[in-house]
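Peer 1: Below is the file entry02.cif, which contains mmCIF, C-alpha atoms; chains and numbers go by the auth columns.
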data_entry
loop_
_atom_site.group_PDB
_atom_site.id
_atom_site.type_symbol
_atom_site.label_atom_id
_atom_site.label_comp_id
_atom_site.label_asym_id
_atom_site.label_seq_id
_atom_site.Cartn_x
_atom_site.Cartn_y
_atom_site.Cartn_z
_atom_site.B_iso_or_equiv
_atom_site.auth_seq_id
_atom_site.auth_asym_id
ATOM 1 C CA MET A 1 0.000 0.000 0.000 0.00 1 T
ATOM 2 C CA LEU A 2 1.283 3.428 -0.930 0.00 2 T
ATOM 3 C CA ARG A 3 1.991 5.475 2.155 0.00 3 T
ATOM 4 C CA THR A 4 0.970 9.109 1.813 0.00 4 T
ATOM 5 C CA THR A 5 2.565 12.023 3.584 0.00 5 T
ATOM 6 C CA LEU A 6 0.602 14.754 5.343 0.00 6 T
ATOM 7 C CA ALA A 7 2.356 18.113 5.417 0.00 7 T
ATOM 8 C CA VAL A 8 1.112 21.339 6.949 0.00 8 T
ATOM 9 C CA LEU A 9 2.192 24.332 4.882 0.00 9 T
ATOM 10 C CA LEU A 10 1.783 28.023 5.682 0.00 10 T
ATOM 11 C CA LEU A 11 1.784 30.049 2.489 0.00 11 T
ATOM 12 C CA LEU A 12 4.551 32.669 2.240 0.00 12 T
ATOM 13 C CA SER A 13 6.449 31.222 5.188 0.00 13 T
ATOM 14 C CA GLY A 14 8.803 29.347 2.893 0.00 14 T
ATOM 15 C CA SER A 15 8.949 27.424 -0.367 0.00 15 T
ATOM 16 C CA TRP A 16 8.003 23.957 -1.548 0.00 16 T
ATOM 17 C CA GLY A 17 9.250 22.369 -4.746 0.00 17 T
ATOM 18 C CA LEU A 18 6.562 20.359 -6.564 0.00 18 T
ATOM 19 C CA ALA A 19 6.295 18.342 -9.734 0.00 19 T
ATOM 20 C CA ALA A 20 4.512 20.563 -12.246 0.00 20 T
ATOM 21 C CA ASP A 21 2.774 17.642 -13.965 0.00 21 T
ATOM 22 C CA ALA A 22 1.304 16.025 -10.805 0.00 22 T
ATOM 23 C CA PRO A 23 -2.537 16.168 -10.838 0.00 23 T
ATOM 24 C CA LEU A 24 -4.122 18.413 -8.193 0.00 24 T
ATOM 25 C CA GLU A 25 -7.311 17.325 -6.399 0.00 25 T
ATOM 26 C CA ILE A 26 -9.127 19.311 -3.696 0.00 26 T
ATOM 27 C CA LEU A 27 -10.374 16.931 -0.994 0.00 27 T
ATOM 28 C CA GLU A 28 -11.938 19.301 1.552 0.00 28 T
ATOM 29 C CA ALA A 29 -11.932 23.000 2.430 0.00 29 T
ATOM 30 C CA GLN A 30 -13.118 24.721 5.617 0.00 30 T
ATOM 31 C CA TYR A 31 -13.162 28.466 6.333 0.00 31 T
ATOM 32 C CA GLY A 32 -13.596 30.174 9.669 0.00 32 T
ATOM 33 C CA TYR A 33 -12.153 30.674 13.126 0.00 33 T
ATOM 34 C CA LEU A 34 -9.532 28.051 13.978 0.00 34 T
ATOM 35 C CA PRO A 35 -7.903 28.784 17.377 0.00 35 T
ATOM 36 C CA LYS A 36 -4.156 28.143 17.528 0.00 36 T
ATOM 37 C CA ASP A 37 -4.466 27.252 21.210 0.00 37 T
ATOM 38 C CA GLU A 38 -5.622 23.621 21.531 0.00 38 T
ATOM 39 C CA ALA A 39 -7.355 24.526 24.800 0.00 39 T
ATOM 40 C CA LYS A 40 -9.726 26.724 22.765 0.00 40 T
ATOM 41 C CA ALA A 41 -10.369 24.161 20.028 0.00 41 T
ATOM 42 C CA ALA A 42 -14.019 23.851 21.082 0.00 42 T
ATOM 43 C CA GLN A 43 -14.529 27.510 20.089 0.00 43 T
ATOM 44 C CA ALA A 44 -13.704 26.804 16.442 0.00 44 T
ATOM 45 C CA LYS A 45 -16.424 27.760 13.991 0.00 45 T
ATOM 46 C CA THR A 46 -16.086 27.015 10.288 0.00 46 T
ATOM 47 C CA VAL A 47 -18.171 26.491 7.172 0.00 47 T
ATOM 48 C CA ASP A 48 -17.600 23.971 4.401 0.00 48 T
ATOM 49 C CA VAL A 49 -16.335 25.793 1.298 0.00 49 T
ATOM 50 C CA THR A 50 -15.112 22.763 -0.636 0.00 50 T
ATOM 51 C CA ALA A 51 -17.345 23.460 -3.637 0.00 51 T
ATOM 52 C CA LYS A 52 -16.273 27.118 -3.807 0.00 52 T
ATOM 53 C CA VAL A 53 -12.591 26.201 -3.722 0.00 53 T
ATOM 54 C CA LYS A 54 -13.004 23.432 -6.308 0.00 54 T
ATOM 55 C CA SER A 55 -14.766 25.866 -8.653 0.00 55 T
ATOM 56 C CA GLN A 56 -11.585 27.971 -8.831 0.00 56 T
ATOM 57 C CA LEU A 57 -9.426 25.065 -10.005 0.00 57 T
ATOM 58 C CA LYS A 58 -8.265 25.740 -13.573 0.00 58 T
ATOM 59 C CA ASP A 59 -5.861 23.651 -15.643 0.00 59 T
ATOM 60 C CA GLY A 60 -4.530 21.929 -12.532 0.00 60 T
ATOM 61 C CA HIS A 61 -3.802 25.186 -10.695 0.00 61 T
ATOM 62 C CA LEU A 62 -5.602 27.131 -7.985 0.00 62 T
ATOM 63 C CA ARG A 63 -5.304 30.827 -7.191 0.00 63 T
ATOM 64 C CA LEU A 64 -7.713 32.683 -4.903 0.00 64 T
ATOM 65 C CA GLU A 65 -7.748 35.396 -2.278 0.00 65 T
ATOM 66 C CA VAL A 66 -8.937 34.287 1.149 0.00 66 T
ATOM 67 C CA THR A 67 -11.623 36.803 2.128 0.00 67 T
ATOM 68 C CA ASN A 68 -15.017 37.022 3.811 0.00 68 T
ATOM 69 C CA ALA A 69 -16.374 38.417 0.544 0.00 69 T
ATOM 70 C CA ARG A 70 -15.620 35.079 -1.106 0.00 70 T
ATOM 71 C CA PHE A 71 -16.508 32.641 1.691 0.00 71 T
ATOM 72 C CA GLY A 72 -18.827 34.531 4.057 0.00 72 T
ATOM 73 C CA ASP A 73 -18.117 35.378 7.699 0.00 73 T
ATOM 74 C CA PRO A 74 -18.940 32.493 10.061 0.00 74 T
ATOM 75 C CA LEU A 75 -17.693 34.391 13.132 0.00 75 T
ATOM 76 C CA PRO A 76 -17.526 38.219 12.891 0.00 76 T
ATOM 77 C CA ASN A 77 -14.689 40.111 14.601 0.00 77 T
ATOM 78 C CA TYR A 78 -12.383 37.071 14.686 0.00 78 T
ATOM 79 C CA GLY A 79 -9.436 36.391 12.389 0.00 79 T
ATOM 80 C CA LYS A 80 -10.221 33.488 10.101 0.00 80 T
ATOM 81 C CA THR A 81 -8.292 30.813 8.235 0.00 81 T
ATOM 82 C CA LEU A 82 -8.855 28.702 5.131 0.00 82 T
ATOM 83 C CA ARG A 83 -7.959 25.051 5.732 0.00 83 T
ATOM 84 C CA VAL A 84 -7.582 22.970 2.565 0.00 84 T
ATOM 85 C CA SER A 85 -6.871 19.256 2.324 0.00 85 T
ATOM 86 C CA TYR A 86 -5.672 18.334 -1.137 0.00 86 T
ATOM 87 C CA LYS A 87 -3.937 15.636 -3.098 0.00 87 T
ATOM 88 C CA LEU A 88 -1.020 16.249 -5.446 0.00 88 T
ATOM 89 C CA GLY A 89 -0.251 13.120 -7.389 0.00 89 T
ATOM 90 C CA GLU A 90 -0.350 10.354 -4.759 0.00 90 T
ATOM 91 C CA THR A 91 0.512 12.624 -1.820 0.00 91 T
ATOM 92 C CA GLU A 92 -2.042 14.158 0.548 0.00 92 T
ATOM 93 C CA ARG A 93 -1.258 17.550 2.047 0.00 93 T
ATOM 94 C CA LEU A 94 -2.873 20.193 4.214 0.00 94 T
ATOM 95 C CA ILE A 95 -2.466 23.954 3.851 0.00 95 T
ATOM 96 C CA LEU A 96 -3.599 26.732 6.203 0.00 96 T
ATOM 97 C CA VAL A 97 -3.977 30.214 4.710 0.00 97 T
ATOM 98 C CA PRO A 98 -4.849 33.218 6.916 0.00 98 T
ATOM 99 C CA GLU A 99 -7.647 35.606 5.967 0.00 99 T
ATOM 100 C CA GLY A 100 -6.337 38.289 3.627 0.00 100 T
ATOM 101 C CA GLU A 101 -3.645 36.102 2.039 0.00 101 T
ATOM 102 C CA THR A 102 -3.558 34.415 -1.382 0.00 102 T
ATOM 103 C CA LEU A 103 -3.772 30.645 -1.814 0.00 103 T
ATOM 104 C CA LEU A 104 -1.691 29.197 -4.636 0.00 104 T
ATOM 105 C CA LEU A 105 -1.672 25.491 -5.469 0.00 105 T
ATOM 106 C CA PRO A 106 0.604 23.810 -6.270 0.00 106 T
ATOM 107 C CA VAL A 107 2.605 25.888 -3.781 0.00 107 T
ATOM 108 C CA PRO A 108 5.293 27.669 -5.824 0.00 108 T
ATOM 109 C CA VAL A 109 8.913 28.301 -4.966 0.00 109 T
ATOM 110 C CA LEU A 110 8.936 32.017 -4.142 0.00 110 T
ATOM 111 C CA LYS A 111 12.102 33.749 -5.292 0.00 111 T
ATOM 112 C CA GLY A 112 12.972 37.004 -6.946 0.00 112 T
ATOM 113 C CA PRO A 113 12.410 40.680 -6.146 0.00 113 T
ATOM 114 C CA LEU A 114 9.428 42.001 -4.184 0.00 114 T
ATOM 115 C CA LYS A 115 7.466 44.530 -6.249 0.00 115 T
ATOM 116 C CA VAL A 116 4.297 46.378 -5.235 0.00 116 T
ATOM 117 C CA ARG A 117 1.930 46.609 -8.211 0.00 117 T
ATOM 118 C CA LYS A 118 -1.051 48.350 -6.623 0.00 118 T
ATOM 119 C CA ALA A 119 -2.212 49.390 -3.151 0.00 119 T
ATOM 120 C CA ALA A 120 -5.536 50.813 -1.987 0.00 120 T
ATOM 121 C CA TYR A 121 -6.791 51.816 1.467 0.00 121 T
ATOM 122 C CA GLY A 122 -10.384 52.294 2.554 0.00 122 T
ATOM 123 C CA ASP A 123 -13.789 50.621 2.373 0.00 123 T
ATOM 124 C CA HIS A 124 -13.362 48.191 -0.511 0.00 124 T
ATOM 125 C CA ASP A 125 -16.994 47.037 -0.428 0.00 125 T
ATOM 126 C CA SER A 126 -18.300 50.520 -1.267 0.00 126 T
ATOM 127 C CA GLY A 127 -15.335 51.548 -3.404 0.00 127 T
ATOM 128 C CA SER A 128 -14.443 54.465 -1.106 0.00 128 T
ATOM 129 C CA VAL A 129 -10.677 53.991 -1.214 0.00 129 T
ATOM 130 C CA TYR A 130 -7.511 55.992 -1.693 0.00 130 T
ATOM 131 C CA ASP A 131 -4.835 54.867 -4.140 0.00 131 T
ATOM 132 C CA VAL A 132 -1.752 54.573 -1.909 0.00 132 T
ATOM 133 C CA THR A 133 0.461 52.666 -4.336 0.00 133 T
ATOM 134 C CA ASP A 134 3.325 55.164 -4.299 0.00 134 T
ATOM 135 C CA ASP A 135 3.252 55.421 -0.490 0.00 135 T
ATOM 136 C CA VAL A 136 3.453 51.639 -0.078 0.00 136 T
ATOM 137 C CA LYS A 137 6.140 51.222 -2.758 0.00 137 T
ATOM 138 C CA ALA A 138 8.332 53.659 -0.820 0.00 138 T
ATOM 139 C CA LEU A 139 8.135 51.390 2.246 0.00 139 T
ATOM 140 C CA VAL A 140 9.611 48.316 0.550 0.00 140 T
ATOM 141 C CA ASN A 141 12.935 47.540 2.201 0.00 141 T
ATOM 142 C CA GLY A 142 14.759 45.015 0.039 0.00 142 T
ATOM 143 C CA ARG A 143 12.914 41.719 0.567 0.00 143 T
ATOM 144 C CA THR A 144 10.477 43.046 3.175 0.00 144 T
ATOM 145 C CA LEU A 145 7.418 45.287 3.374 0.00 145 T
ATOM 146 C CA LYS A 146 6.085 46.255 6.797 0.00 146 T
ATOM 147 C CA VAL A 147 3.496 48.970 7.359 0.00 147 T
ATOM 148 C CA GLU A 148 1.026 49.877 10.099 0.00 148 T
ATOM 149 C CA VAL A 149 -2.460 50.220 8.634 0.00 149 T
ATOM 150 C CA THR A 150 -3.872 53.455 10.071 0.00 150 T
ATOM 151 C CA ASN A 151 -5.711 56.601 9.017 0.00 151 T
ATOM 152 C CA ASP A 152 -2.724 58.615 10.249 0.00 152 T
ATOM 153 C CA ARG A 153 -0.589 57.066 7.527 0.00 153 T
ATOM 154 C CA PHE A 154 -3.049 56.862 4.633 0.00 154 T
ATOM 155 C CA GLY A 155 -5.850 59.332 5.410 0.00 155 T
ATOM 156 C CA ASP A 156 -9.534 58.505 5.917 0.00 156 T
ATOM 157 C CA PRO A 157 -11.497 57.884 2.693 0.00 157 T
ATOM 158 C CA ALA A 158 -14.547 56.487 4.542 0.00 158 T
ATOM 159 C CA SER A 159 -15.127 58.125 7.922 0.00 159 T
ATOM 160 C CA GLY A 160 -16.794 55.912 10.520 0.00 160 T
ATOM 161 C CA VAL A 161 -16.223 52.720 8.519 0.00 161 T
ATOM 162 C CA PHE A 162 -13.747 49.936 9.335 0.00 162 T
ATOM 163 C CA LYS A 163 -11.158 50.026 6.564 0.00 163 T
ATOM 164 C CA ALA A 164 -8.468 47.792 5.081 0.00 164 T
ATOM 165 C CA LEU A 165 -5.264 48.024 3.076 0.00 165 T
ATOM 166 C CA ARG A 166 -5.132 45.746 0.025 0.00 166 T
ATOM 167 C CA VAL A 167 -1.786 45.306 -1.707 0.00 167 T
ATOM 168 C CA GLU A 168 -1.265 43.567 -5.038 0.00 168 T
ATOM 169 C CA TYR A 169 2.360 42.530 -5.423 0.00 169 T
ATOM 170 C CA SER A 170 4.691 40.084 -7.112 0.00 170 T
ATOM 171 C CA ILE A 171 7.643 37.979 -6.031 0.00 171 T
ATOM 172 C CA GLY A 172 9.557 37.200 -9.180 0.00 172 T
ATOM 173 C CA GLU A 173 6.904 36.058 -11.666 0.00 173 T
ATOM 174 C CA ILE A 174 4.356 35.043 -8.997 0.00 174 T
ATOM 175 C CA GLU A 175 1.487 37.531 -8.534 0.00 175 T
ATOM 176 C CA LEU A 176 -0.120 37.711 -5.091 0.00 176 T
ATOM 177 C CA ALA A 177 -2.373 39.922 -2.984 0.00 177 T
ATOM 178 C CA LYS A 178 -2.693 40.593 0.721 0.00 178 T
ATOM 179 C CA THR A 179 -5.290 42.467 2.775 0.00 179 T
ATOM 180 C CA THR A 180 -4.770 43.763 6.315 0.00 180 T
ATOM 181 C CA TYR A 181 -7.460 45.515 8.340 0.00 181 T
ATOM 182 C CA GLU A 182 -7.194 48.929 9.962 0.00 182 T
ATOM 183 C CA GLY A 183 -5.197 48.810 13.182 0.00 183 T
ATOM 184 C CA GLY A 184 -3.115 45.831 12.067 0.00 184 T
ATOM 185 C CA THR A 185 0.346 45.596 10.528 0.00 185 T
ATOM 186 C CA LEU A 186 0.799 44.368 6.976 0.00 186 T
ATOM 187 C CA VAL A 187 3.956 42.289 6.625 0.00 187 T
ATOM 188 C CA ILE A 188 5.295 40.704 3.436 0.00 188 T
ATOM 189 C CA GLU A 189 8.641 38.918 3.472 0.00 189 T
ATOM 190 C CA VAL A 190 10.368 37.196 0.569 0.00 190 T
ATOM 191 C CA PRO A 191 12.029 33.926 1.677 0.00 191 T
ATOM 192 C CA GLU A 192 15.804 33.931 1.533 0.00 192 T
ATOM 193 C CA GLU A 193 17.137 32.123 -1.517 0.00 193 T
ATOM 194 C CA PRO A 194 19.445 29.165 -0.793 0.00 194 T
ATOM 195 C CA SER A 195 23.120 30.010 -1.034 0.00 195 T
ATOM 196 C CA THR A 196 24.941 28.521 -4.014 0.00 196 T
ATOM 197 C CA THR A 197 28.386 29.259 -2.594 0.00 197 T
ATOM 198 C CA THR A 198 30.595 26.201 -2.169 0.00 198 T
ATOM 199 C CA PRO A 199 32.300 26.164 1.253 0.00 199 T
ATOM 200 C CA ALA A 200 36.081 26.453 1.115 0.00 200 T
ATOM 201 C CA LYS A 201 37.947 23.265 1.976 0.00 201 T
#
Would you mind writing the file's structure down as C-alpha cells?
Peer 2:
Amino acid sequence: MLRTTLAVLLLLSGSWGLAADAPLEILEAQYGYLPKDEAKAAQAKTVDVTAKVKSQLKDGHLRLEVTNARFGDPLPNYGKTLRVSYKLGETERLILVPEGETLLLPVPVLKGPLKVRKAAYGDHDSGSVYDVTDDVKALVNGRTLKVEVTNDRFGDPASGVFKALRVEYSIGEIELAKTTYEGGTLVIEVPEEPSTTTPAK
C-alpha cells in the first residue's frame, strides 16, 4: 500500500518544490475561526467551502484570495483561516492560509524581487478607497514590506467605517495579494534564496 505524507504548509512562510505535472485534487476545504491554542479548540467555527474552492481550479492550478467576501463570515470580529486538504499526485497535504492572504496550489517556490503593483486603502466594499500605491512602494525595504495600517498614515477615505489596506504585489513572476485591516500591521517577506556558494575546503 502506498503510504501518503501529510504536510502542513503556511503560504509565504517558505517554499516547496513540486512536480509541475502532478494532478491536483481538492479533498476538503473549511473556512472560519480556527484557534491556535488547543485549549480553545471547542470555540472553532467554520463552514464547508469545498465546492467554492473546487470551482476555482483551472488547468490543474488554484489561485484565490482568502476573504469574507468570497466565503462569508462564520464568526464576525475574529481572524479566520482557510484550511484545505488536497492531493497532489499520490501525496495528501494540508495547507492553512490566513484571511487576507492568497492561496496558490501547487505551492510555488517564491524567489525574486518584491514589487508592489497596486495598493488601496479604505472601504473596498463601497469603493471608497484611496490609491496609496506610491506610499506603499516607498516602504519596501529590500525583501520586506512592513506597514502599520492606520488613518494617520493613509488618510480617511470612509469616515466611521472599518477600513483595510489591500496590496497587489509580485515575487519574481508570482502575482499575489494581501489584505490587512485597519489597526493591524501588513507584513510581506520574501524567503531567503538558498546560497549557491561552495564552502572552502
Peer 1: What do you get, as a CSV table (one decimal) with C-alpha atoms, keeping the file's coordinate frame, if you spell out every residue that the PyMOL selection byres ((chain T and resi 28) around 9) selects here?
Peer 2:
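Contents of the output file expr-v2.csv:
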chain,number,residue,atom,x,y,z
T,26,ILE,CA,-9.1,19.3,-3.7
T,27,LEU,CA,-10.4,16.9,-1.0
T,29,ALA,CA,-11.9,23.0,2.4
T,30,GLN,CA,-13.1,24.7,5.6
T,48,ASP,CA,-17.6,24.0,4.4
T,49,VAL,CA,-16.3,25.8,1.3
T,50,THR,CA,-15.1,22.8,-0.6
T,51,ALA,CA,-17.3,23.5,-3.6
T,53,VAL,CA,-12.6,26.2,-3.7
T,54,LYS,CA,-13.0,23.4,-6.3
T,83,ARG,CA,-8.0,25.1,5.7
T,84,VAL,CA,-7.6,23.0,2.6
T,85,SER,CA,-6.9,19.3,2.3
T,86,TYR,CA,-5.7,18.3,-1.1
Peer 1: For a quick check of understanding, using all atoms listed in the file, which of T:Asp125, T:Glu168, T:Glu99, T:Glu189 has the smallest distance to Arg143 (chain T)?
Peer 2: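 The shortest atom-to-atom distance to Arg143 (chain T) comes from T:Glu189.
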Peer 1: Rounded to one decimal, what separation in Å do you get between CA of Gly89 (chain T) and CA of Ala22 (chain T)?
Peer 2: 4.7 Å
Peer 1: Under the rule that only C-alpha atoms are counted, which of T:Leu139, T:Ile171, T:Ala120, T:Leu145 is the nearest residue to Pro157 (chain T)?
Peer 2: T:Ala120
Peer 1: Fewer than 5 positions away in the same chain doesn't count, so skip those; otherwise give me all residues within 8 Å of region 180-188 of chain T, counting only C-alpha atoms, as a VMD selection string.
Peer 2: chain T and resid 100 144 to 151 162 to 166
